[in-house]
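Shown here: my_file06.cif, mmCIF, C-alpha atoms.
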data_query
loop_
_atom_site.group_PDB
_atom_site.id
_atom_site.type_symbol
_atom_site.label_atom_id
_atom_site.label_comp_id
_atom_site.auth_asym_id
_atom_site.auth_seq_id
_atom_site.Cartn_x
_atom_site.Cartn_y
_atom_site.Cartn_z
ATOM 1 C CA MET A 1 -2.808 -36.109 -35.420
ATOM 2 C CA SER A 2 -2.526 -32.421 -36.285
ATOM 3 C CA ALA A 3 -4.701 -29.578 -35.152
ATOM 4 C CA VAL A 4 -5.767 -29.069 -38.785
ATOM 5 C CA GLU A 5 -7.622 -32.383 -38.662
ATOM 6 C CA GLY A 6 -9.707 -31.240 -35.705
ATOM 7 C CA ARG A 7 -7.616 -32.670 -32.920
ATOM 8 C CA PRO A 8 -5.672 -30.695 -30.277
ATOM 9 C CA SER A 9 -2.063 -30.187 -31.230
ATOM 10 C CA VAL A 10 0.816 -31.497 -29.167
ATOM 11 C CA ARG A 11 1.536 -27.939 -28.071
ATOM 12 C CA SER A 12 -1.999 -27.331 -26.803
ATOM 13 C CA ARG A 13 -2.068 -30.657 -24.935
ATOM 14 C CA ALA A 14 1.302 -29.906 -23.341
ATOM 15 C CA ALA A 15 0.025 -26.553 -22.187
ATOM 16 C CA GLY A 16 -2.905 -28.281 -20.534
ATOM 17 C CA GLY A 17 -5.576 -26.403 -22.481
ATOM 18 C CA ALA A 18 -8.033 -27.011 -25.299
ATOM 19 C CA VAL A 19 -7.816 -25.563 -28.765
ATOM 20 C CA GLY A 20 -8.441 -21.830 -28.635
ATOM 21 C CA TRP A 21 -7.902 -21.591 -24.891
ATOM 22 C CA ARG A 22 -5.722 -18.678 -23.857
ATOM 23 C CA SER A 23 -4.606 -18.125 -20.279
ATOM 24 C CA SER A 24 -4.540 -14.365 -20.872
ATOM 25 C CA ALA A 25 -8.295 -14.426 -21.517
ATOM 26 C CA THR A 26 -9.094 -15.802 -18.074
ATOM 27 C CA LEU A 27 -9.874 -13.539 -15.116
ATOM 28 C CA PRO A 28 -9.690 -10.189 -16.974
ATOM 29 C CA LEU A 29 -7.992 -7.431 -15.039
ATOM 30 C CA TRP A 30 -10.909 -5.017 -15.312
ATOM 31 C CA ALA A 31 -13.331 -7.686 -14.136
ATOM 32 C CA GLU A 32 -11.311 -8.001 -10.935
ATOM 33 C CA VAL A 33 -11.140 -4.205 -10.604
ATOM 34 C CA ARG A 34 -14.937 -3.960 -10.829
ATOM 35 C CA ARG A 35 -15.398 -6.898 -8.489
ATOM 36 C CA GLN A 36 -13.182 -5.396 -5.811
ATOM 37 C CA ALA A 37 -14.845 -1.995 -6.269
ATOM 38 C CA THR A 38 -18.195 -3.477 -5.247
ATOM 39 C CA ARG A 39 -16.838 -4.843 -1.979
ATOM 40 C CA ARG A 40 -17.790 -2.979 1.167
ATOM 41 C CA ARG A 41 -14.255 -2.948 2.573
ATOM 42 C CA THR A 42 -12.970 -1.189 -0.559
ATOM 43 C CA GLN A 43 -15.670 1.445 -0.418
ATOM 44 C CA MET A 44 -15.187 2.027 3.312
ATOM 45 C CA ALA A 45 -11.396 2.224 3.050
ATOM 46 C CA LEU A 46 -11.471 4.759 0.221
ATOM 47 C CA GLY A 47 -14.294 6.653 1.907
ATOM 48 C CA PHE A 48 -12.263 6.988 5.076
ATOM 49 C CA MET A 49 -9.351 8.371 3.065
ATOM 50 C CA VAL A 50 -11.690 11.224 2.132
ATOM 51 C CA LEU A 51 -13.158 11.542 5.609
ATOM 52 C CA LEU A 52 -9.902 11.660 7.580
ATOM 53 C CA PRO A 53 -8.694 15.082 6.332
ATOM 54 C CA VAL A 54 -12.152 16.464 7.103
ATOM 55 C CA ILE A 55 -11.953 15.097 10.653
ATOM 56 C CA ILE A 56 -8.491 16.586 11.132
ATOM 57 C CA LEU A 57 -9.665 19.939 9.771
ATOM 58 C CA VAL A 58 -12.628 19.970 12.135
ATOM 59 C CA ALA A 59 -10.323 19.041 15.024
ATOM 60 C CA PHE A 60 -8.075 22.008 14.218
ATOM 61 C CA GLU A 61 -11.082 24.308 14.005
ATOM 62 C CA PHE A 62 -12.456 23.228 17.377
ATOM 63 C CA GLY A 63 -8.965 23.380 18.813
ATOM 64 C CA GLY A 64 -8.523 26.941 17.680
ATOM 65 C CA GLY A 65 -6.062 25.919 14.952
ATOM 66 C CA ASN A 66 -3.163 26.194 17.373
ATOM 67 C CA GLY A 67 -1.074 23.110 17.975
ATOM 68 C CA GLY A 68 1.734 24.878 19.775
ATOM 69 C CA ASP A 69 0.148 25.921 23.078
ATOM 70 C CA ASP A 70 -0.648 22.389 24.242
ATOM 71 C CA ASP A 71 1.167 19.095 24.289
ATOM 72 C CA ASN A 72 1.138 18.072 20.637
ATOM 73 C CA GLY A 73 2.794 14.744 21.162
ATOM 74 C CA GLY A 74 6.325 15.829 20.225
ATOM 75 C CA GLY A 75 8.360 13.220 18.452
ATOM 76 C CA ALA A 76 9.518 13.311 14.879
ATOM 77 C CA PHE A 77 6.303 14.973 13.709
ATOM 78 C CA GLY A 78 5.716 17.385 16.589
ATOM 79 C CA SER A 79 6.932 20.356 14.571
ATOM 80 C CA LEU A 80 4.513 19.521 11.758
ATOM 81 C CA VAL A 81 1.565 20.175 14.064
ATOM 82 C CA ASP A 82 2.564 23.823 14.401
ATOM 83 C CA LEU A 83 2.792 24.156 10.616
ATOM 84 C CA ALA A 84 -0.312 22.195 9.662
ATOM 85 C CA THR A 85 -2.621 25.209 9.564
ATOM 86 C CA SER A 86 -0.212 27.477 7.705
ATOM 87 C CA GLY A 87 -1.231 26.337 4.225
ATOM 88 C CA GLY A 88 -2.701 23.556 2.131
ATOM 89 C CA LEU A 89 0.667 21.931 1.452
ATOM 90 C CA ASN A 90 1.480 21.778 5.159
ATOM 91 C CA PHE A 91 -1.973 20.439 5.977
ATOM 92 C CA ALA A 92 -1.605 17.651 3.400
ATOM 93 C CA LEU A 93 1.862 16.847 4.700
ATOM 94 C CA PHE A 94 0.532 16.623 8.245
ATOM 95 C CA CYS A 95 -2.269 14.262 7.168
ATOM 96 C CA LEU A 96 0.273 11.998 5.507
ATOM 97 C CA ALA A 97 2.565 12.114 8.531
ATOM 98 C CA VAL A 98 -0.103 11.037 11.008
ATOM 99 C CA SER A 99 -1.420 8.334 8.662
ATOM 100 C CA ALA A 100 1.813 6.741 7.439
ATOM 101 C CA GLY A 101 2.722 4.951 10.658
ATOM 102 C CA PHE A 102 -0.494 2.979 11.112
ATOM 103 C CA LEU A 103 -3.573 3.909 9.081
ATOM 104 C CA LEU A 104 -1.989 3.529 5.652
ATOM 105 C CA VAL A 105 -0.308 0.333 6.830
ATOM 106 C CA VAL A 106 -3.708 -1.107 7.766
ATOM 107 C CA VAL A 107 -5.295 -0.031 4.482
ATOM 108 C CA VAL A 108 -2.512 -1.523 2.349
ATOM 109 C CA ALA A 109 -2.541 -4.718 4.418
ATOM 110 C CA LEU A 110 -6.309 -4.889 3.939
ATOM 111 C CA PHE A 111 -6.145 -4.561 0.175
ATOM 112 C CA CYS A 112 -3.198 -6.944 -0.264
ATOM 113 C CA GLY A 113 -3.873 -9.447 2.517
ATOM 114 C CA ASP A 114 -7.532 -10.053 1.806
ATOM 115 C CA PRO A 115 -7.878 -11.143 -1.878
ATOM 116 C CA ILE A 116 -6.563 -14.727 -1.832
ATOM 117 C CA ALA A 117 -7.404 -15.532 1.782
ATOM 118 C CA SER A 118 -10.991 -14.338 1.387
ATOM 119 C CA GLU A 119 -11.462 -16.444 -1.762
ATOM 120 C CA ALA A 120 -10.204 -19.444 0.206
ATOM 121 C CA SER A 121 -12.479 -18.720 3.171
ATOM 122 C CA TRP A 122 -15.498 -18.406 0.854
ATOM 123 C CA GLY A 123 -14.616 -21.697 -0.830
ATOM 124 C CA SER A 124 -14.461 -20.046 -4.254
ATOM 125 C CA LEU A 125 -10.709 -20.287 -4.807
ATOM 126 C CA ARG A 126 -10.747 -23.837 -6.158
ATOM 127 C CA TYR A 127 -13.573 -22.930 -8.536
ATOM 128 C CA LEU A 128 -11.563 -20.035 -9.944
ATOM 129 C CA LEU A 129 -8.688 -22.395 -10.623
ATOM 130 C CA ALA A 130 -11.078 -24.896 -12.227
ATOM 131 C CA ILE A 131 -12.269 -22.383 -14.870
ATOM 132 C CA PRO A 132 -9.274 -22.836 -15.434
ATOM 133 C CA VAL A 133 -7.362 -19.754 -14.389
ATOM 134 C CA PRO A 134 -3.599 -20.409 -14.188
ATOM 135 C CA ARG A 135 -2.362 -19.935 -10.647
ATOM 136 C CA ALA A 136 0.323 -17.458 -11.638
ATOM 137 C CA ARG A 137 -2.194 -15.329 -13.534
ATOM 138 C CA LEU A 138 -4.656 -15.457 -10.649
ATOM 139 C CA LEU A 139 -1.997 -14.179 -8.273
ATOM 140 C CA ALA A 140 -0.739 -11.561 -10.719
ATOM 141 C CA VAL A 141 -4.206 -10.110 -11.348
ATOM 142 C CA LYS A 142 -5.069 -10.089 -7.646
ATOM 143 C CA LEU A 143 -1.762 -8.436 -6.776
ATOM 144 C CA VAL A 144 -1.948 -5.751 -9.475
ATOM 145 C CA VAL A 145 -5.497 -4.810 -8.487
ATOM 146 C CA ALA A 146 -4.606 -4.771 -4.780
ATOM 147 C CA LEU A 147 -1.604 -2.522 -5.420
ATOM 148 C CA GLY A 148 -3.737 -0.283 -7.601
ATOM 149 C CA TYR A 149 -6.331 0.233 -4.886
ATOM 150 C CA SER A 150 -3.593 0.783 -2.292
ATOM 151 C CA LEU A 151 -2.094 3.528 -4.451
ATOM 152 C CA LEU A 152 -5.552 4.980 -5.047
ATOM 153 C CA ALA A 153 -6.119 5.178 -1.290
ATOM 154 C CA LEU A 154 -2.831 7.034 -0.790
ATOM 155 C CA LEU A 155 -3.557 9.457 -3.636
ATOM 156 C CA THR A 156 -7.128 10.004 -2.421
ATOM 157 C CA LEU A 157 -5.914 10.936 1.044
ATOM 158 C CA THR A 158 -3.294 13.311 -0.369
ATOM 159 C CA ALA A 159 -5.595 14.976 -2.896
ATOM 160 C CA THR A 160 -8.425 15.448 -0.399
ATOM 161 C CA ALA A 161 -6.128 16.894 2.250
ATOM 162 C CA LEU A 162 -4.474 19.213 -0.270
ATOM 163 C CA LEU A 163 -7.818 20.415 -1.602
ATOM 164 C CA ILE A 164 -9.570 21.169 1.665
ATOM 165 C CA GLY A 165 -6.355 22.432 3.260
ATOM 166 C CA THR A 166 -5.829 24.906 0.421
ATOM 167 C CA LEU A 167 -9.457 26.031 0.518
ATOM 168 C CA ARG A 168 -9.257 26.634 4.259
ATOM 169 C CA TYR A 169 -5.684 27.818 4.818
ATOM 170 C CA GLY A 170 -4.633 29.055 1.386
ATOM 171 C CA TRP A 171 -1.817 28.266 -1.028
ATOM 172 C CA HIS A 172 1.360 29.080 0.868
ATOM 173 C CA PRO A 173 4.963 27.827 0.936
ATOM 174 C CA LEU A 174 5.718 24.441 2.421
ATOM 175 C CA GLY A 175 6.982 25.165 5.915
ATOM 176 C CA SER A 176 9.892 23.461 7.613
ATOM 177 C CA THR A 177 11.524 23.853 11.011
ATOM 178 C CA VAL A 178 14.892 22.610 9.736
ATOM 179 C CA ALA A 179 15.195 24.863 6.679
ATOM 180 C CA ALA A 180 13.734 27.917 5.014
ATOM 181 C CA ALA A 181 10.182 27.766 3.699
ATOM 182 C CA ILE A 182 9.929 26.025 0.325
ATOM 183 C CA PRO A 183 8.056 27.937 -2.432
ATOM 184 C CA PRO A 184 4.617 26.488 -3.303
ATOM 185 C CA GLY A 185 5.612 25.103 -6.709
ATOM 186 C CA GLN A 186 8.687 23.345 -5.393
ATOM 187 C CA GLY A 187 6.787 22.440 -2.251
ATOM 188 C CA LEU A 188 4.201 20.580 -4.319
ATOM 189 C CA LEU A 189 6.986 18.574 -5.953
ATOM 190 C CA ARG A 190 8.411 17.784 -2.513
ATOM 191 C CA LEU A 191 4.969 16.659 -1.360
ATOM 192 C CA LEU A 192 4.638 14.389 -4.396
ATOM 193 C CA GLY A 193 8.088 13.039 -3.569
ATOM 194 C CA VAL A 194 6.874 12.189 -0.066
ATOM 195 C CA VAL A 195 3.853 10.394 -1.544
ATOM 196 C CA ALA A 196 6.065 8.438 -3.949
ATOM 197 C CA TYR A 197 8.420 7.380 -1.170
ATOM 198 C CA LEU A 198 5.549 6.292 1.081
ATOM 199 C CA ALA A 199 4.170 4.248 -1.809
ATOM 200 C CA VAL A 200 7.516 2.478 -2.151
ATOM 201 C CA ILE A 201 7.860 1.849 1.585
ATOM 202 C CA LEU A 202 4.318 0.482 1.803
ATOM 203 C CA MET A 203 5.232 -2.113 -0.827
ATOM 204 C CA VAL A 204 6.871 -4.007 2.028
ATOM 205 C CA VAL A 205 3.520 -4.184 3.825
ATOM 206 C CA ALA A 206 1.873 -5.190 0.558
ATOM 207 C CA GLY A 207 4.387 -7.976 0.012
ATOM 208 C CA LEU A 208 4.119 -9.283 3.555
ATOM 209 C CA ALA A 209 0.310 -9.186 3.549
ATOM 210 C CA PHE A 210 0.161 -10.913 0.158
ATOM 211 C CA LEU A 211 2.488 -13.660 1.330
ATOM 212 C CA LEU A 212 0.328 -14.258 4.402
ATOM 213 C CA SER A 213 -2.776 -14.183 2.206
ATOM 214 C CA VAL A 214 -1.616 -17.210 0.207
ATOM 215 C CA SER A 215 -0.572 -18.972 3.403
ATOM 216 C CA THR A 216 -3.872 -18.869 5.303
ATOM 217 C CA ASP A 217 -7.601 -19.192 4.746
ATOM 218 C CA ALA A 218 -8.316 -16.419 7.263
ATOM 219 C CA ALA A 219 -8.279 -12.948 5.726
ATOM 220 C CA LEU A 220 -8.189 -11.338 9.169
ATOM 221 C CA GLY A 221 -5.091 -13.354 10.013
ATOM 222 C CA ALA A 222 -3.294 -12.179 6.869
ATOM 223 C CA VAL A 223 -4.210 -8.521 7.399
ATOM 224 C CA GLY A 224 -3.612 -8.531 11.133
ATOM 225 C CA GLY A 225 -0.402 -10.518 10.820
ATOM 226 C CA ALA A 226 1.097 -8.030 8.376
ATOM 227 C CA VAL A 227 0.167 -5.078 10.587
ATOM 228 C CA LEU A 228 1.516 -6.728 13.729
ATOM 229 C CA LEU A 229 4.809 -7.650 12.079
ATOM 230 C CA TRP A 230 5.197 -4.069 10.821
ATOM 231 C CA ILE A 231 4.534 -2.745 14.332
ATOM 232 C CA LEU A 232 7.016 -5.255 15.766
ATOM 233 C CA SER A 233 9.651 -4.046 13.305
ATOM 234 C CA SER A 234 8.947 -0.448 14.333
ATOM 235 C CA ILE A 235 9.360 -1.325 18.002
ATOM 236 C CA LEU A 236 12.614 -3.179 17.415
ATOM 237 C CA ASP A 237 13.907 -0.239 15.394
ATOM 238 C CA GLN A 238 13.584 1.942 18.508
ATOM 239 C CA ILE A 239 15.851 -0.348 20.543
ATOM 240 C CA THR A 240 19.275 1.226 20.111
ATOM 241 C CA ALA A 241 20.927 -1.741 21.817
ATOM 242 C CA LEU A 242 20.407 -3.697 18.600
ATOM 243 C CA GLY A 243 22.979 -1.475 16.934
ATOM 244 C CA SER A 244 23.520 -2.012 13.216
ATOM 245 C CA ILE A 245 20.960 -4.819 13.160
ATOM 246 C CA ARG A 246 18.273 -2.149 13.007
ATOM 247 C CA VAL A 247 19.443 -1.115 9.528
ATOM 248 C CA GLY A 248 18.109 -4.389 8.171
ATOM 249 C CA LEU A 249 14.617 -3.874 9.555
ATOM 250 C CA PRO A 250 11.899 -3.002 7.008
ATOM 251 C CA THR A 251 10.812 0.038 9.021
ATOM 252 C CA HIS A 252 14.260 1.536 9.598
ATOM 253 C CA TYR A 253 13.972 4.047 6.751
ATOM 254 C CA SER A 254 10.210 4.546 6.937
ATOM 255 C CA ASP A 255 10.626 8.180 8.082
ATOM 256 C CA ALA A 256 13.378 9.054 5.609
ATOM 257 C CA TRP A 257 10.901 11.223 3.673
ATOM 258 C CA LEU A 258 11.582 13.932 6.280
ATOM 259 C CA GLY A 259 14.806 14.537 4.373
ATOM 260 C CA LEU A 260 12.716 16.093 1.600
ATOM 261 C CA LEU A 261 11.827 18.956 3.941
ATOM 262 C CA SER A 262 15.408 20.162 4.231
ATOM 263 C CA THR A 263 17.273 22.473 1.865
ATOM 264 C CA PRO A 264 18.858 20.958 -0.097
ATOM 265 C CA PRO A 265 16.966 17.660 0.174
ATOM 266 C CA GLN A 266 18.736 14.870 2.048
ATOM 267 C CA VAL A 267 18.318 11.851 -0.203
ATOM 268 C CA ASP A 268 20.867 9.334 1.105
ATOM 269 C CA ASP A 269 18.383 7.599 3.394
ATOM 270 C CA LEU A 270 15.692 7.877 0.726
ATOM 271 C CA VAL A 271 17.818 5.864 -1.686
ATOM 272 C CA LYS A 272 18.702 3.276 0.956
ATOM 273 C CA GLY A 273 15.061 2.990 2.018
ATOM 274 C CA THR A 274 13.898 2.584 -1.571
ATOM 275 C CA ILE A 275 16.416 -0.177 -2.281
ATOM 276 C CA ALA A 276 15.538 -1.992 0.944
ATOM 277 C CA ALA A 277 11.791 -1.736 0.299
ATOM 278 C CA VAL A 278 12.074 -3.034 -3.265
ATOM 279 C CA CYS A 279 14.226 -5.947 -2.093
ATOM 280 C CA TYR A 280 11.846 -6.897 0.721
ATOM 281 C CA ALA A 281 8.746 -6.586 -1.459
ATOM 282 C CA THR A 282 10.300 -8.610 -4.276
ATOM 283 C CA LEU A 283 11.324 -11.329 -1.821
ATOM 284 C CA PHE A 284 7.863 -11.560 -0.250
ATOM 285 C CA TRP A 285 6.073 -11.614 -3.606
ATOM 286 C CA SER A 286 8.463 -14.220 -5.003
ATOM 287 C CA VAL A 287 7.905 -16.505 -2.022
ATOM 288 C CA ALA A 288 4.138 -15.955 -2.318
ATOM 289 C CA PHE A 289 4.141 -17.029 -5.981
ATOM 290 C CA TRP A 290 6.451 -19.960 -5.269
ATOM 291 C CA ARG A 291 4.292 -21.172 -2.400
ATOM 292 C CA PHE A 292 0.911 -20.720 -4.087
ATOM 293 C CA THR A 293 1.868 -22.435 -7.336
ATOM 294 C CA ARG A 294 2.952 -25.531 -5.383
ATOM 295 C CA LYS A 295 0.362 -25.843 -2.621
ATOM 296 C CA ASP A 296 -2.747 -27.998 -2.622
ATOM 297 C CA ILE A 297 -5.908 -25.897 -2.922
ATOM 298 C CA THR A 298 -8.688 -27.471 -0.859
ATOM 299 C CA SER A 299 -10.926 -24.462 -0.292
#
As a first step, turn the structure in this file into structure tokens.
Amino acid sequence: MSAVEGRPSVRSRAAGGAVGWRSSATLPLWAEVRRQATRRRTQMALGFMVLLPVIILVAFEFGGGNGGDDDNGGGAFGSLVDLATSGGLNFALFCLAVSAGFLLVVVVALFCGDPIASEASWGSLRYLLAIPVPRARLLAVKLVVALGYSLLALLTLTATALLIGTLRYGWHPLGSTVAAAIPPGQGLLRLLGVVAYLAVILMVVAGLAFLLSVSTDAALGAVGGAVLLWILSSILDQITALGSIRVGLPTHYSDAWLGLLSTPPQVDDLVKGTIAAVCYATLFWSVAFWRFTRKDITS
């Protein structure tokens, strides 16, 4: 019987939906954006991205704004402490440097590891699928929104640090201990390049957290598992005895953005890090979709 006679067509029955049902109309993207915006963890995470530069600024003020007369921790970012109060660009760069290794990892893991696991823990996941929302669309919408909020957190941190740093320390060249100072205009482009590279690197955390999110009903387990595995990779990357094995670790090129502070920029590791991050993220997301579309949903 044809659809013209009031019956579902063969095509609509094969697709598993009624006449007029469209999978693209289920779980609208903006509905998920608004829903996640009302959650306390989203508000607190974005709020802390604004608060952190303020805390760092206050710390510099109480510390006399001098990071060179005391033990500043050394390491790869030790020189950035001395430059942090020499201009807004340097202050923003310092905020990114101290946040990239852990804080931003936690925030991205929170946004990407929580959505599916929390729905499962609340018992609402099976009801979403019964609307019916196709599993692939459910995952796609959740992932896009999670990545969007992760990027928003990174941009919020950068913009806030740049604004208050410029208001307090002025608009000066981007300093570097390995090359001549970079003019403000070019320095801003370099800073945006750092932000872009961090966004790409953090896709690995997003992919890992999302994969764990579809594999467990405990949101804390997905978030914490992604953070712990990232930390483990960072620790292994410091063990020189592993030799060339370290090149395959997700965190091996996480600090390659430092090459943007040299003149001319050193981009070899940036390219390698970008390729590795995209490959890892794509793998994790593909496995997440494959697993979720085939698992039994009981919660």
Result set, the PyMOL selection byres ((chain A and resi 150-162) around 6) on current file, as a ChimeraX atom specification | /A:46,49-50,53,88,92,108,147-149,163-166
Would you save the residues of that selection, restricted to C-alpha atoms, as a PDB file, in the frame of the given file?
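Output below, filename again.pdb:
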ATOM      1  CA  LEU A  46     -11.471   4.759   0.221  1.00  0.00           C
ATOM      2  CA  MET A  49      -9.351   8.371   3.065  1.00  0.00           C
ATOM      3  CA  VAL A  50     -11.690  11.224   2.132  1.00  0.00           C
ATOM      4  CA  PRO A  53      -8.694  15.082   6.332  1.00  0.00           C
ATOM      5  CA  GLY A  88      -2.701  23.556   2.131  1.00  0.00           C
ATOM      6  CA  ALA A  92      -1.605  17.651   3.400  1.00  0.00           C
ATOM      7  CA  VAL A 108      -2.512  -1.523   2.349  1.00  0.00           C
ATOM      8  CA  LEU A 147      -1.604  -2.522  -5.420  1.00  0.00           C
ATOM      9  CA  GLY A 148      -3.737  -0.283  -7.601  1.00  0.00           C
ATOM     10  CA  TYR A 149      -6.331   0.233  -4.886  1.00  0.00           C
ATOM     11  CA  LEU A 163      -7.818  20.415  -1.602  1.00  0.00           C
ATOM     12  CA  ILE A 164      -9.570  21.169   1.665  1.00  0.00           C
ATOM     13  CA  GLY A 165      -6.355  22.432   3.260  1.00  0.00           C
ATOM     14  CA  THR A 166      -5.829  24.906   0.421  1.00  0.00           C
TER      15      THR A 166
END
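Proximity of A:Thr251, A:Thr263, A:Thr42, A:Ser286 to Ala100 in chain A, computed with all atoms listed in the file, is greatest for A:Thr251.
Residues lying within 9 Å of Thr282 in chain A, counting all atoms listed in the file and ignoring same-chain neighbours fewer than 5 positions away, are Met203, Val204, Gly207, Ala277 and Val287 of chain A.
CA of Ala31 in chain A sits 25.6 Å away from CA of Phe284 in chain A.
Remark: for Ile201 in chain A, the closest of the candidate residues A:Gln186, A:Thr240, A:Ser262, A:Thr274 is A:Thr274 (distances computed over only C-alpha atoms).
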Name all residues at most 10 Å from Ala146 in chain A (count only C-alpha atoms; drop same-chain ones fewer than 2 positions away) and give them as an NGL selection string.
:A and (32-33 or 36 or 108-115 or 140-144 or 148-152 or 206 or 210)
Could you expand the PyMOL selection byres ((chain A and resi 94) around 9) into the explicit residues it covers here, written as a PyMOL selection string? chain A and resi 77+80-81+83-84+89-93+95-99+161
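Using only C-alpha atoms, the smallest distance between any of A:Val194, A:Ile55, A:Leu174, A:Ile116 and Ala222 in chain A comes from A:Ile116.
The residue that comes closest to Leu228 in chain A, out of A:Trp257, A:Tyr280, A:Trp171, A:Phe102 and on the basis of all atoms listed in the file, is A:Phe102.
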Need the axis-aligned box for range 89-93 of chain A with 4 Å each side, so what are the centre and edges in Å to one decimal, as lines of an AutoDock Vina configuration file?
center_x = -0.1
center_y = 19.4
center_z = 3.7
size_x = 11.8
size_y = 13.1
size_z = 12.5
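Between CA of Ser118 in chain A and CA of Thr293 in chain A there is a distance of 17.5 Å.
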From CA of Ala120 in chain A to CA of Leu138 in chain A the spacing works out at 12.8 Å
Residue IDs satisfying the PyMOL selection byres ((chain A and resi 193) around 12), as a list in words |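 Checking the PyMOL selection byres ((chain A and resi 193) around 12) against this file, the residues are Leu93, Thr158, Gln186, Gly187, Leu188, Leu189, Arg190, Leu191, Leu192, Val194, Val195, Ala196, Tyr197, Leu198, Ala199, Val200, Ala256, Trp257, Leu258, Gly259, Leu260, Leu261, Pro265, Val267 and Leu270 of chain A.
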Next, the residues of the selection above should be written as a tab-separated table (two decimals), in the coordinates of the input with C-alpha atoms.
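Listed below is the output, result-v4.tsv:
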chain	number	residue	atom	x	y	z
A	93	LEU	CA	1.86	16.85	4.70
A	158	THR	CA	-3.29	13.31	-0.37
A	186	GLN	CA	8.69	23.34	-5.39
A	187	GLY	CA	6.79	22.44	-2.25
A	188	LEU	CA	4.20	20.58	-4.32
A	189	LEU	CA	6.99	18.57	-5.95
A	190	ARG	CA	8.41	17.78	-2.51
A	191	LEU	CA	4.97	16.66	-1.36
A	192	LEU	CA	4.64	14.39	-4.40
A	194	VAL	CA	6.87	12.19	-0.07
A	195	VAL	CA	3.85	10.39	-1.54
A	196	ALA	CA	6.06	8.44	-3.95
A	197	TYR	CA	8.42	7.38	-1.17
A	198	LEU	CA	5.55	6.29	1.08
A	199	ALA	CA	4.17	4.25	-1.81
A	200	VAL	CA	7.52	2.48	-2.15
A	256	ALA	CA	13.38	9.05	5.61
A	257	TRP	CA	10.90	11.22	3.67
A	258	LEU	CA	11.58	13.93	6.28
A	259	GLY	CA	14.81	14.54	4.37
A	260	LEU	CA	12.72	16.09	1.60
A	261	LEU	CA	11.83	18.96	3.94
A	265	PRO	CA	16.97	17.66	0.17
A	267	VAL	CA	18.32	11.85	-0.20
A	270	LEU	CA	15.69	7.88	0.73
When you count all atoms listed in the file, which of these residues is closest to Ala276 in chain A: A:Gly47, A:Pro250, A:Gly63, A:Gly101?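 Of A:Gly47, A:Pro250, A:Gly63, A:Gly101, the one nearest Ala276 in chain A, counting all atoms listed in the file, is A:Pro250.
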